[in-house]
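*Asks:* input20.cif is reproduced below (mmCIF, C-alpha atoms).
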```cif
data_structure
loop_
_atom_site.label_atom_id
_atom_site.label_comp_id
_atom_site.auth_asym_id
_atom_site.auth_seq_id
_atom_site.Cartn_x
_atom_site.Cartn_y
_atom_site.Cartn_z
CA MET C 429 -22.36 10.43 -6.24
CA PRO C 430 -22.59 13.32 -3.73
CA ARG C 431 -23.79 16.66 -5.02
CA THR C 432 -20.30 18.18 -4.77
CA GLY C 433 -18.90 15.28 -6.80
CA ARG C 434 -21.48 15.85 -9.52
CA ALA C 435 -20.66 19.56 -9.57
CA PHE C 436 -16.97 18.78 -9.98
CA THR C 437 -17.68 16.36 -12.83
CA VAL C 438 -19.96 18.80 -14.66
CA VAL C 439 -17.61 21.79 -14.33
CA VAL C 440 -14.49 19.85 -15.33
CA THR C 441 -16.24 18.13 -18.23
CA VAL C 442 -17.71 21.34 -19.66
CA LEU C 443 -14.44 23.27 -19.33
CA THR C 444 -12.46 20.39 -20.82
CA CYS C 445 -14.75 20.25 -23.86
CA LEU C 446 -14.50 24.01 -24.38
CA GLY C 447 -10.74 23.96 -23.93
CA ALA C 448 -10.38 21.03 -26.32
CA LEU C 449 -12.33 22.86 -29.01
CA ALA C 450 -10.13 25.94 -28.62
CA ILE C 451 -6.84 24.01 -28.62
CA LEU C 452 -7.80 21.76 -31.53
CA ALA C 453 -8.86 24.80 -33.55
CA LEU C 454 -5.55 26.50 -32.75
CA LEU C 455 -3.56 23.42 -33.74
CA ALA C 456 -5.49 23.08 -36.98
CA PHE C 457 -4.27 26.53 -38.07
CA SER C 458 -0.73 26.18 -36.69
CA GLY C 459 0.83 24.00 -39.36
CA ALA C 460 0.41 21.46 -42.13
CA PRO C 461 -1.17 18.13 -41.12
CA GLY C 462 2.11 16.27 -41.56
CA THR C 463 4.00 18.75 -39.39
CA LEU C 464 1.26 18.67 -36.77
CA ALA C 465 1.34 14.87 -36.68
CA LEU C 466 5.13 14.85 -36.28
CA ALA C 467 5.01 17.45 -33.50
CA THR C 468 2.32 15.47 -31.69
CA VAL C 469 4.31 12.23 -31.88
CA LEU C 470 7.43 13.95 -30.55
CA ALA C 471 5.49 15.69 -27.77
CA VAL C 472 3.86 12.47 -26.61
CA LEU C 473 7.16 10.59 -26.17
CA PRO C 474 7.91 11.82 -22.62
CA VAL C 475 4.27 11.51 -21.50
CA GLY C 476 4.27 7.74 -20.97
CA PRO C 477 7.42 7.57 -18.79
CA LEU C 478 6.32 10.55 -16.70
CA VAL C 479 2.83 9.14 -16.11
CA ALA C 480 4.36 5.77 -15.20
CA CYS C 481 6.56 7.45 -12.57
CA TYR C 482 3.56 9.08 -10.89
CA LEU C 483 1.54 5.86 -11.00
CA TRP C 484 4.50 4.10 -9.36
CA LEU C 485 4.31 6.59 -6.50
CA ASP C 486 0.54 6.20 -6.26
CA ARG C 487 0.41 2.57 -5.14
CA TYR C 488 -0.87 2.54 -1.55
CA GLU C 489 -4.24 4.03 -2.37
CA PRO C 490 -4.38 4.37 -6.15
CA GLU C 491 -6.37 7.43 -7.12
CA PRO C 492 -9.39 6.91 -9.39
CA ARG C 493 -8.16 6.58 -12.95
CA SER C 494 -10.99 8.83 -14.07
CA LEU C 495 -9.68 11.67 -11.89
CA LEU C 496 -6.09 11.14 -13.01
CA ALA C 497 -7.29 11.27 -16.63
CA ALA C 498 -9.27 14.40 -15.79
CA GLY C 499 -6.07 16.00 -14.49
CA LEU C 500 -4.23 15.15 -17.71
CA LEU C 501 -7.07 16.53 -19.84
CA TRP C 502 -7.35 19.66 -17.69
CA GLY C 503 -3.67 20.38 -18.21
CA SER C 504 -3.80 19.55 -21.92
CA PHE C 505 -6.86 21.62 -22.79
CA VAL C 506 -8.34 23.79 -20.02
CA ALA C 507 -5.16 25.14 -18.45
CA THR C 508 -3.42 25.59 -21.80
CA ALA C 509 -6.35 27.34 -23.47
CA ALA C 510 -7.03 29.56 -20.47
CA ALA C 511 -3.35 30.47 -20.16
CA LEU C 512 -3.15 31.45 -23.83
CA VAL C 513 -6.26 33.64 -23.58
CA LEU C 514 -5.25 35.28 -20.30
CA ALA C 515 -1.68 35.82 -21.48
CA GLY C 516 -2.95 37.49 -24.65
CA VAL C 517 -5.31 39.76 -22.73
CA GLY C 518 -2.65 40.54 -20.15
CA GLY C 519 -0.13 41.36 -22.85
CA LEU C 520 -2.52 43.85 -24.44
CA VAL C 521 -3.52 45.47 -21.15
CA LEU C 522 -0.08 45.61 -19.55
CA GLY C 523 1.88 46.20 -22.74
CA LEU C 524 4.64 43.79 -21.75
CA GLY C 525 7.40 42.81 -24.15
CA ASP C 526 8.15 39.21 -25.02
CA ASP C 527 10.83 38.70 -22.35
CA ALA C 528 8.85 40.48 -19.63
CA SER C 529 5.76 38.47 -20.49
CA LEU C 530 7.75 35.24 -20.41
CA VAL C 531 9.33 35.98 -17.03
CA LEU C 532 6.59 37.91 -15.22
CA GLU C 533 3.22 37.10 -16.75
CA ALA C 534 3.49 33.48 -17.94
CA PRO C 535 4.39 31.94 -14.55
CA VAL C 536 1.57 33.74 -12.74
CA VAL C 537 -1.07 32.87 -15.33
CA GLU C 538 0.00 29.31 -16.15
CA GLU C 539 0.40 28.14 -12.56
CA ALA C 540 -2.99 29.62 -11.68
CA CYS C 541 -4.63 27.82 -14.58
CA LYS C 542 -2.99 24.51 -13.70
CA GLY C 543 -3.51 24.88 -9.97
CA MET C 544 -7.24 25.52 -10.35
CA PHE C 545 -7.79 21.78 -10.92
CA LEU C 546 -6.26 21.07 -7.51
CA VAL C 547 -8.35 23.79 -5.93
CA LEU C 548 -11.51 22.26 -7.41
CA LEU C 549 -10.47 18.89 -6.01
CA LEU C 550 -9.95 20.49 -2.61
CA TRP C 551 -13.38 22.16 -2.74
CA TRP C 552 -15.51 19.41 -4.24
CA ARG C 553 -13.60 16.11 -4.06
CA ARG C 554 -11.63 16.48 -0.86
CA ALA C 555 -12.30 12.85 0.02
CA GLU C 556 -9.89 11.88 -2.78
CA LEU C 557 -7.05 13.85 -1.18
CA ASP C 558 -5.39 12.15 1.77
CA GLY C 559 -2.15 14.10 1.96
CA VAL C 560 0.96 15.38 0.24
CA LEU C 561 1.49 12.35 -1.99
CA ASP C 562 -1.99 12.64 -3.50
CA GLY C 563 -1.39 16.33 -4.16
CA ILE C 564 1.90 15.53 -5.88
CA VAL C 565 0.28 12.88 -8.10
CA TYR C 566 -2.62 15.07 -9.24
CA ALA C 567 -0.32 18.07 -9.78
CA GLY C 568 2.00 15.90 -11.83
CA MET C 569 -0.82 14.77 -14.09
CA VAL C 570 -1.93 18.34 -14.73
CA GLY C 571 1.64 19.44 -15.41
CA ILE C 572 2.24 16.55 -17.82
CA GLY C 573 -0.90 17.43 -19.77
CA PHE C 574 0.02 21.09 -19.95
CA ALA C 575 3.57 20.34 -21.10
CA PHE C 576 2.27 17.97 -23.78
CA THR C 577 0.11 20.59 -25.50
CA GLU C 578 2.65 23.36 -25.00
CA ASN C 579 5.37 21.20 -26.51
CA ILE C 580 3.27 20.62 -29.62
CA LEU C 581 2.89 24.38 -30.05
CA TYR C 582 6.60 25.02 -29.48
CA LEU C 583 7.62 22.26 -31.88
CA LEU C 584 5.30 23.62 -34.56
CA ALA C 585 6.62 27.15 -34.05
CA ALA C 586 10.21 25.91 -34.23
CA TYR C 587 9.63 24.07 -37.48
CA ASN C 588 7.66 26.94 -39.00
CA GLY C 589 10.27 29.49 -37.93
CA THR C 590 7.73 31.53 -35.97
CA ASP C 591 9.39 31.17 -32.57
CA GLY C 592 11.84 34.01 -33.19
CA THR C 593 14.97 31.87 -32.94
CA GLY C 594 15.76 31.21 -36.58
CA PRO C 595 14.48 30.22 -40.00
CA GLY C 596 12.91 27.00 -38.76
CA GLY C 597 13.05 23.58 -40.37
CA THR C 598 14.19 20.18 -39.16
CA GLU C 599 17.23 21.47 -37.29
CA ALA C 600 15.16 23.92 -35.23
CA LEU C 601 12.56 21.22 -34.57
CA THR C 602 15.24 18.81 -33.37
CA ALA C 603 16.82 21.39 -31.06
CA THR C 604 13.44 22.23 -29.50
CA PHE C 605 12.62 18.55 -29.06
CA VAL C 606 15.93 17.86 -27.29
CA ILE C 607 15.57 20.82 -24.92
CA ARG C 608 11.87 20.51 -24.09
CA CYS C 609 11.06 16.80 -24.46
CA LEU C 610 14.36 15.12 -23.52
CA PHE C 611 16.25 17.67 -21.43
CA SER C 612 13.43 19.14 -19.33
CA PRO C 613 10.16 17.21 -19.69
CA PHE C 614 9.66 17.46 -15.93
CA ALA C 615 9.57 21.27 -15.80
CA HIS C 616 5.81 21.85 -15.71
CA PRO C 617 5.08 18.88 -13.42
CA LEU C 618 7.84 20.19 -11.13
CA PHE C 619 6.37 23.69 -10.85
CA THR C 620 2.81 22.53 -10.24
CA THR C 621 3.99 19.96 -7.70
CA PHE C 622 4.55 22.81 -5.25
CA ILE C 623 0.84 23.64 -5.48
CA GLY C 624 0.05 19.96 -4.99
CA ILE C 625 2.19 19.88 -1.85
CA GLY C 626 0.36 22.93 -0.51
CA VAL C 627 -3.03 21.36 -1.21
CA GLY C 628 -1.93 18.07 0.36
CA LEU C 629 -0.79 19.87 3.52
CA ALA C 630 -4.05 21.82 3.63
CA VAL C 631 -6.10 18.62 3.78
CA ASN C 632 -4.62 17.61 7.13
CA ALA C 633 -4.11 21.10 8.55
CA ARG C 634 -5.68 21.62 11.96
CA SER C 635 -6.42 25.34 11.61
CA SER C 636 -8.60 27.05 9.02
CA THR C 637 -5.88 29.64 8.46
CA ALA C 638 -3.36 26.95 7.52
CA ARG C 639 -5.87 25.40 5.12
CA TRP C 640 -5.83 28.68 3.17
CA LEU C 641 -2.15 29.52 3.55
CA TRP C 642 -0.68 26.19 2.44
CA PRO C 643 -2.18 26.26 -1.10
CA ILE C 644 -1.36 29.95 -1.48
CA GLY C 645 2.21 29.33 -0.35
CA GLY C 646 2.52 26.42 -2.78
CA TYR C 647 1.29 28.65 -5.61
CA VAL C 648 3.83 31.36 -4.74
CA VAL C 649 6.68 28.84 -4.78
CA ALA C 650 5.42 27.38 -8.07
CA VAL C 651 5.32 30.83 -9.68
CA THR C 652 8.78 31.67 -8.34
CA ALA C 653 10.32 28.42 -9.66
CA HIS C 654 8.58 28.91 -13.00
CA ALA C 655 9.80 32.50 -13.26
CA ILE C 656 13.40 31.48 -12.51
CA TRP C 657 13.21 28.81 -15.20
CA ASN C 658 11.74 31.17 -17.78
CA SER C 659 14.36 33.81 -16.93
CA SER C 660 17.09 31.34 -17.75
CA THR C 661 15.61 30.65 -21.19
CA ALA C 662 15.17 34.36 -21.90
CA TYR C 663 18.80 35.25 -21.31
CA GLY C 664 20.68 32.74 -23.42
CA PHE C 665 21.71 29.10 -23.49
CA ASP C 666 24.53 29.53 -20.94
CA SER C 667 22.04 30.95 -18.43
CA PHE C 668 19.70 28.05 -19.16
CA LEU C 669 22.41 25.45 -18.49
CA LEU C 670 23.48 27.16 -15.27
CA THR C 671 19.91 27.30 -13.97
CA TYR C 672 19.23 23.74 -15.08
CA PHE C 673 22.20 22.15 -13.30
CA VAL C 674 22.45 24.45 -10.28
CA LEU C 675 18.78 24.93 -9.42
CA MET C 676 16.21 22.95 -11.39
CA ALA C 677 17.86 19.52 -11.56
CA PRO C 678 18.61 19.54 -7.80
CA ALA C 679 15.07 20.78 -7.10
CA PHE C 680 13.67 17.94 -9.19
CA VAL C 681 15.82 15.37 -7.41
CA GLY C 682 14.76 16.86 -4.07
CA LEU C 683 11.08 16.60 -4.93
CA VAL C 684 11.54 13.02 -6.11
CA GLY C 685 13.14 12.28 -2.75
CA LEU C 686 10.26 14.03 -0.98
CA ALA C 687 7.72 11.96 -2.91
CA VAL C 688 9.49 8.69 -2.09
CA TRP C 689 9.77 9.74 1.56
CA ALA C 690 6.07 10.64 1.58
CA ARG C 691 5.19 7.18 0.33
CA SER C 692 7.36 5.59 3.00
CA SER C 693 5.78 7.90 5.57
CA GLU C 694 2.33 6.77 4.41
CA ARG C 695 3.28 3.19 5.24
CA ARG C 696 4.24 4.15 8.79
CA MET C 697 1.12 6.28 9.16
CA LEU C 698 -1.16 3.53 7.87
CA THR C 699 0.45 0.95 10.15
CA SER C 700 -0.09 3.19 13.16
CA ALA C 701 -3.67 4.15 12.23
CA LEU C 702 -4.75 0.60 11.40
CA THR C 703 -3.12 -0.73 14.56
CA ASP C 704 -5.28 1.68 16.53
CA ALA C 705 -8.32 0.68 14.45
CA ALA C 706 -7.60 -3.00 15.12
CA GLY C 707 -7.35 -2.23 18.82
CA ARG C 708 -10.89 -0.87 18.59
CA GLY C 709 -12.07 -4.08 16.94
CA LEU C 710 -12.56 -2.58 13.49
CA MET C 711 -10.38 -5.10 11.63
CA PRO C 712 -8.04 -8.03 12.41
CA ALA C 713 -4.58 -6.89 13.49
CA THR C 714 -3.04 -9.85 11.63
CA ASP C 715 -4.16 -8.32 8.31
CA ILE C 716 -2.24 -5.06 8.68
CA GLY C 717 1.06 -6.26 7.24
CA TRP C 718 -0.68 -7.69 4.18
CA VAL C 719 -2.41 -4.34 3.63
CA VAL C 720 0.35 -1.76 4.14
CA ASP C 721 3.47 -3.59 2.90
CA LEU C 722 3.69 -3.33 -0.89
CA GLY C 723 5.49 -6.66 -1.20
CA GLY C 724 2.94 -8.30 1.06
CA ARG C 725 0.11 -6.83 -1.00
CA ARG C 726 1.52 -8.33 -4.19
CA GLN C 727 2.14 -11.67 -2.52
CA SER C 728 -1.38 -11.88 -1.10
CA ARG C 729 -2.94 -11.00 -4.47
CA ALA C 730 -0.86 -13.65 -6.22
CA TYR C 731 -1.88 -16.16 -3.55
CA ALA C 732 -5.56 -15.28 -3.99
CA ARG C 733 -5.29 -15.58 -7.77
CA ALA C 734 -3.55 -18.97 -7.55
CA ARG C 735 -6.19 -20.31 -5.17
CA GLY C 736 -9.37 -18.76 -6.50
CA GLY C 737 -8.73 -17.13 -9.85
CA ARG C 738 -9.44 -13.57 -10.92
CA GLU C 739 -12.53 -13.25 -8.77
CA ALA C 740 -10.56 -14.07 -5.62
CA GLU C 741 -7.78 -11.67 -6.62
CA GLN C 742 -10.31 -8.87 -7.13
CA ALA C 743 -11.83 -9.57 -3.72
CA MET C 744 -8.35 -9.28 -2.19
CA ARG C 745 -7.74 -5.99 -4.01
CA ASP C 746 -11.08 -4.63 -2.83
CA TYR C 747 -10.37 -5.65 0.75
CA GLN C 748 -6.92 -4.06 0.75
CA GLN C 749 -8.30 -0.88 -0.80
CA ALA C 750 -11.07 -0.61 1.80
CA ALA C 751 -8.59 -1.19 4.63
CA VAL C 752 -6.16 1.44 3.30
CA GLU C 753 -8.95 3.99 2.87
CA LEU C 754 -10.08 3.25 6.41
CA GLY C 755 -6.51 3.80 7.56
CA PHE C 756 -6.26 7.24 5.94
CA LEU C 757 -9.64 8.24 7.33
CA HIS C 758 -8.82 6.96 10.82
CA TYR C 759 -5.51 8.83 10.74
CA ARG C 760 -7.37 12.08 10.18
CA PHE C 761 -9.68 11.19 13.06
CA LEU C 762 -6.70 10.60 15.35
CA ARG C 763 -5.18 13.94 14.28
CA GLY C 764 -8.39 15.72 15.10
CA THR C 765 -9.05 16.73 11.47
CA PRO C 766 -11.79 14.31 10.35
CA PRO C 767 -13.82 15.34 7.29
CA PRO C 768 -17.48 16.29 7.80
CA ASP C 769 -18.63 12.94 6.38
CA TYR C 770 -16.20 10.95 8.51
CA ALA C 771 -18.85 8.73 10.12
CA ALA C 772 -20.66 7.88 6.88
CA ARG C 773 -17.46 7.14 4.95
CA GLY C 774 -16.02 5.14 7.80
CA GLN C 775 -19.16 3.03 7.96
CA GLN C 776 -18.93 2.34 4.23
CA PHE C 777 -15.34 1.14 4.53
CA LEU C 778 -16.14 -1.02 7.55
CA GLN C 779 -19.09 -2.55 5.72
CA ARG C 780 -16.88 -3.45 2.76
CA ILE C 781 -14.26 -4.93 5.10
CA ASP C 782 -16.88 -7.00 6.95
CA ASP C 783 -18.44 -8.21 3.69
CA LEU C 784 -15.15 -9.20 2.06
CA ARG C 785 -13.15 -10.60 4.97
CA PRO C 786 -14.94 -14.00 5.20
CA SER C 787 -14.18 -14.73 1.54
CA ILE C 788 -10.42 -14.04 1.48
CA ALA C 789 -7.34 -15.63 2.99
CA PHE C 790 -3.76 -14.43 3.18
CA PRO C 791 -0.74 -16.70 2.52
CA GLY C 792 -0.53 -19.40 5.13
CA GLN C 793 -4.23 -19.22 5.94
CA VAL C 794 -6.92 -21.62 4.85
CA VAL C 795 -9.03 -20.37 1.95
CA PRO C 796 -12.64 -20.14 3.11
CA THR C 797 -15.23 -22.26 1.33
CA ARG C 798 -18.49 -20.74 0.20
#
```
Could you express the structure from this file as structure tokens?
*Replies:*
Amino acid sequence: MPRTGRAFTVVVTVLTCLGALAILALLAFSGAPGTLALATVLAVLPVGPLVACYLWLDRYEPEPRSLLAAGLLWGSFVATAAALVLAGVGGLVLGLGDDASLVLEAPVVEEACKGMFLVLLLWWRRAELDGVLDGIVYAGMVGIGFAFTENILYLLAAYNGTDGTGPGGTEALTATFVIRCLFSPFAHPLFTTFIGIGVGLAVNARSSTARWLWPIGGYVVAVTAHAIWNSSTAYGFDSFLLTYFVLMAPAFVGLVGLAVWARSSERRMLTSALTDAAGRGLMPATDIGWVVDLGGRRQSRAYARARGGREAEQAMRDYQQAAVELGFLHYRFLRGTPPPDYAARGQQFLQRIDDLRPSIAFPGQVVPTR
């Protein structure tokens, strides 16, 4: 692993462990074990469907599962713990009331804490970021993790009657669950997605100024969206409904559309880049459709499995992955924004392609014998 990759792993691991200790200690003192278990079960319900949606988007070049898990853990522990500490300090220093803190301080602090994971990726693991879709996926994971832990705390406070909205109990717990876990589970992923878009645009930006401005702009939009959302919750249920249906739900639908469009755009980009690469003799042009078309990818893997078992299927997966990674890298070369290690990474992908190609066959081709 390169030195920058090791630095990323060490920093994220240490901060995650510290954040986990802080959050687990906080949860241990926040309610009875039975209440804590119930709140955790309720908070985890939207996590699976949300994660599945992001994994569905992330199918051309699936991000390393270890990094996706790191994003979830960062949101669950590091960002949440840091936000609680910074919000507490800020509240004491600035003397803000509850509503002012919710509307002004919380969005600034929480989006900074969540967005730092994306910044660390950009600094130390830039090779894992190929564009907007990757930024959206990583941002979504961080936002899901953050919402999970925050929902546990809100559910506990609702049941205990410490959230300032009533005497607590099952009714308050149910109302909080419906609003936060069923009605708006996408809120935190939505806000942080704007930072992810900015980071994704920065990766392929041609100028150094744009590489700085895109993430900053994404953070500003994330804070603004978060502040609007929090304002709606601070000024009554009618305001919340109006904001939800007029602004947040359309924004969420728009970002879903953007993500789907980005994935479709990746197919066109990969086709163009790999066609150019094939023209330079880097890979067979006849393989491109089986690499970039999602249906073709599934069909070729099923064909390999039927003909050669799991080993053949894995070889097909590895070949497709290497070709897609080559396509993203070659696209950046064609744009004039290749990473510093472009030559070394490109050689690695080409070596994998050359090693695997003799042992695989696509539907309609003869399976090579070894």
*Asks:* Can you translate the PyMOL selection byres ((chain C and resi 561) around 7) into the concrete residues it hits in this file, as a JSON list (two decimals) with C-alpha atoms, in the coordinates of the input?
*Replies:*
```
[["chain", "number", "residue", "atom", "x", "y", "z"],
["C", 559, "GLY", "CA", -2.15, 14.10, 1.96],
["C", 560, "VAL", "CA", 0.96, 15.38, 0.24],
["C", 562, "ASP", "CA", -1.99, 12.64, -3.50],
["C", 563, "GLY", "CA", -1.39, 16.33, -4.16],
["C", 564, "ILE", "CA", 1.90, 15.53, -5.88],
["C", 565, "VAL", "CA", 0.28, 12.88, -8.10],
["C", 687, "ALA", "CA", 7.72, 11.96, -2.91],
["C", 690, "ALA", "CA", 6.07, 10.64, 1.58],
["C", 691, "ARG", "CA", 5.19, 7.18, 0.33]]
```
*Asks:* From the list C:Lys542, C:Leu500, C:Leu583, C:Ala510, which residue is nearest Leu464 (chain C) when using all atoms listed in the file?
*Replies:* C:Leu583
*Asks:* Considering all atoms listed in the file, state which residue in the set C:Ile625, C:Met676, C:Val720, C:Leu641 is at the smallest distance from Phe756 (chain C).
*Replies:*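 Ranked by minimum distance to Phe756 (chain C), first place goes to C:Val720.
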*Asks:* Quick one: everything within 9 Å of Arg554 (chain C), counting only C-alpha atoms, minus sequence neighbours fewer than 5 positions away in the same chain. Send it as a list in words.
*Replies:*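 Selected residues are Leu548, Leu549, Val631 and Pro767 of chain C.
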*Asks:* Keeping C-alpha atoms for every residue in the selection just given, could you write it to a file as a compact mmCIF listing (two decimals), in the frame of the given file?
*Replies:*
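Final output, saved to again.txt:
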```txt
# COMPACT_ATOMS: atom_id res chain seq x y z
CA LEU C 548 -11.51 22.26 -7.41
CA LEU C 549 -10.47 18.89 -6.01
CA VAL C 631 -6.10 18.62 3.78
CA PRO C 767 -13.82 15.34 7.29
```
*Asks:* Interatomic distance between CA of Ala507 (chain C) and CA of Tyr482 (chain C)?
*Replies:*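 These two atoms are separated by 19.8 Å.
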*Asks:* Enclose region 629-638 of chain C, meaning all of its atoms listed in the file, in a box aligned along x, y and z, pad it by 6 Å on each side, and list the centre and edge lengths in Å to one decimal, as lines of an AutoDock Vina configuration file.
*Replies:*
```
center_x = -4.7
center_y = 23.6
center_z = 7.7
size_x = 19.8
size_y = 24.0
size_z = 20.4
```
*Asks:* What residues come out when you apply the PyMOL selection byres ((chain C and resi 598) around 12) to this file, written as an MDAnalysis selection string?
*Replies:* chainID C and resid 463 466:467 583:589 594:597 599:605
*Asks:* Please evaluate the PyMOL selection byres ((chain C and resi 759) around 12) against the structure above and give the resulting residues as JSON, numbers by chain.
*Replies:* {"C": [558, 559, 632, 694, 695, 696, 697, 698, 699, 700, 701, 702, 703, 704, 705, 752, 753, 754, 755, 756, 757, 758, 760, 761, 762, 763, 764, 765, 766, 767, 770, 774]}
*Asks:* Quote the spacing between CA of Tyr731 (chain C) and CA of Arg785 (chain C) in Å to one decimal place.
*Replies:*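 So the answer is 15.2 Å.
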*Asks:* By how many Å are CA of Trp552 (chain C) and CA of Val440 (chain C) apart?
*Replies:*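 Computing the Euclidean distance for CA of Trp552 (chain C) and CA of Val440 (chain C) yields 11.1 Å.
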*Asks:* Nearest to Tyr663 (chain C) among C:Glu533, C:Asp526, C:Glu739, C:Asp782, with distances taken over only C-alpha atoms: which residue is it?
*Replies:*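 Ranking C:Glu533, C:Asp526, C:Glu739, C:Asp782 by distance to Tyr663 (chain C), first place goes to C:Asp526.
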*Asks:* Which of these residues is nearest to Phe619 (chain C), using all atoms listed in the file: C:Ala498, C:Ala653, C:Ile788, C:Ala638?
*Replies:*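 Result for the nearest residue to Phe619 (chain C): C:Ala653.
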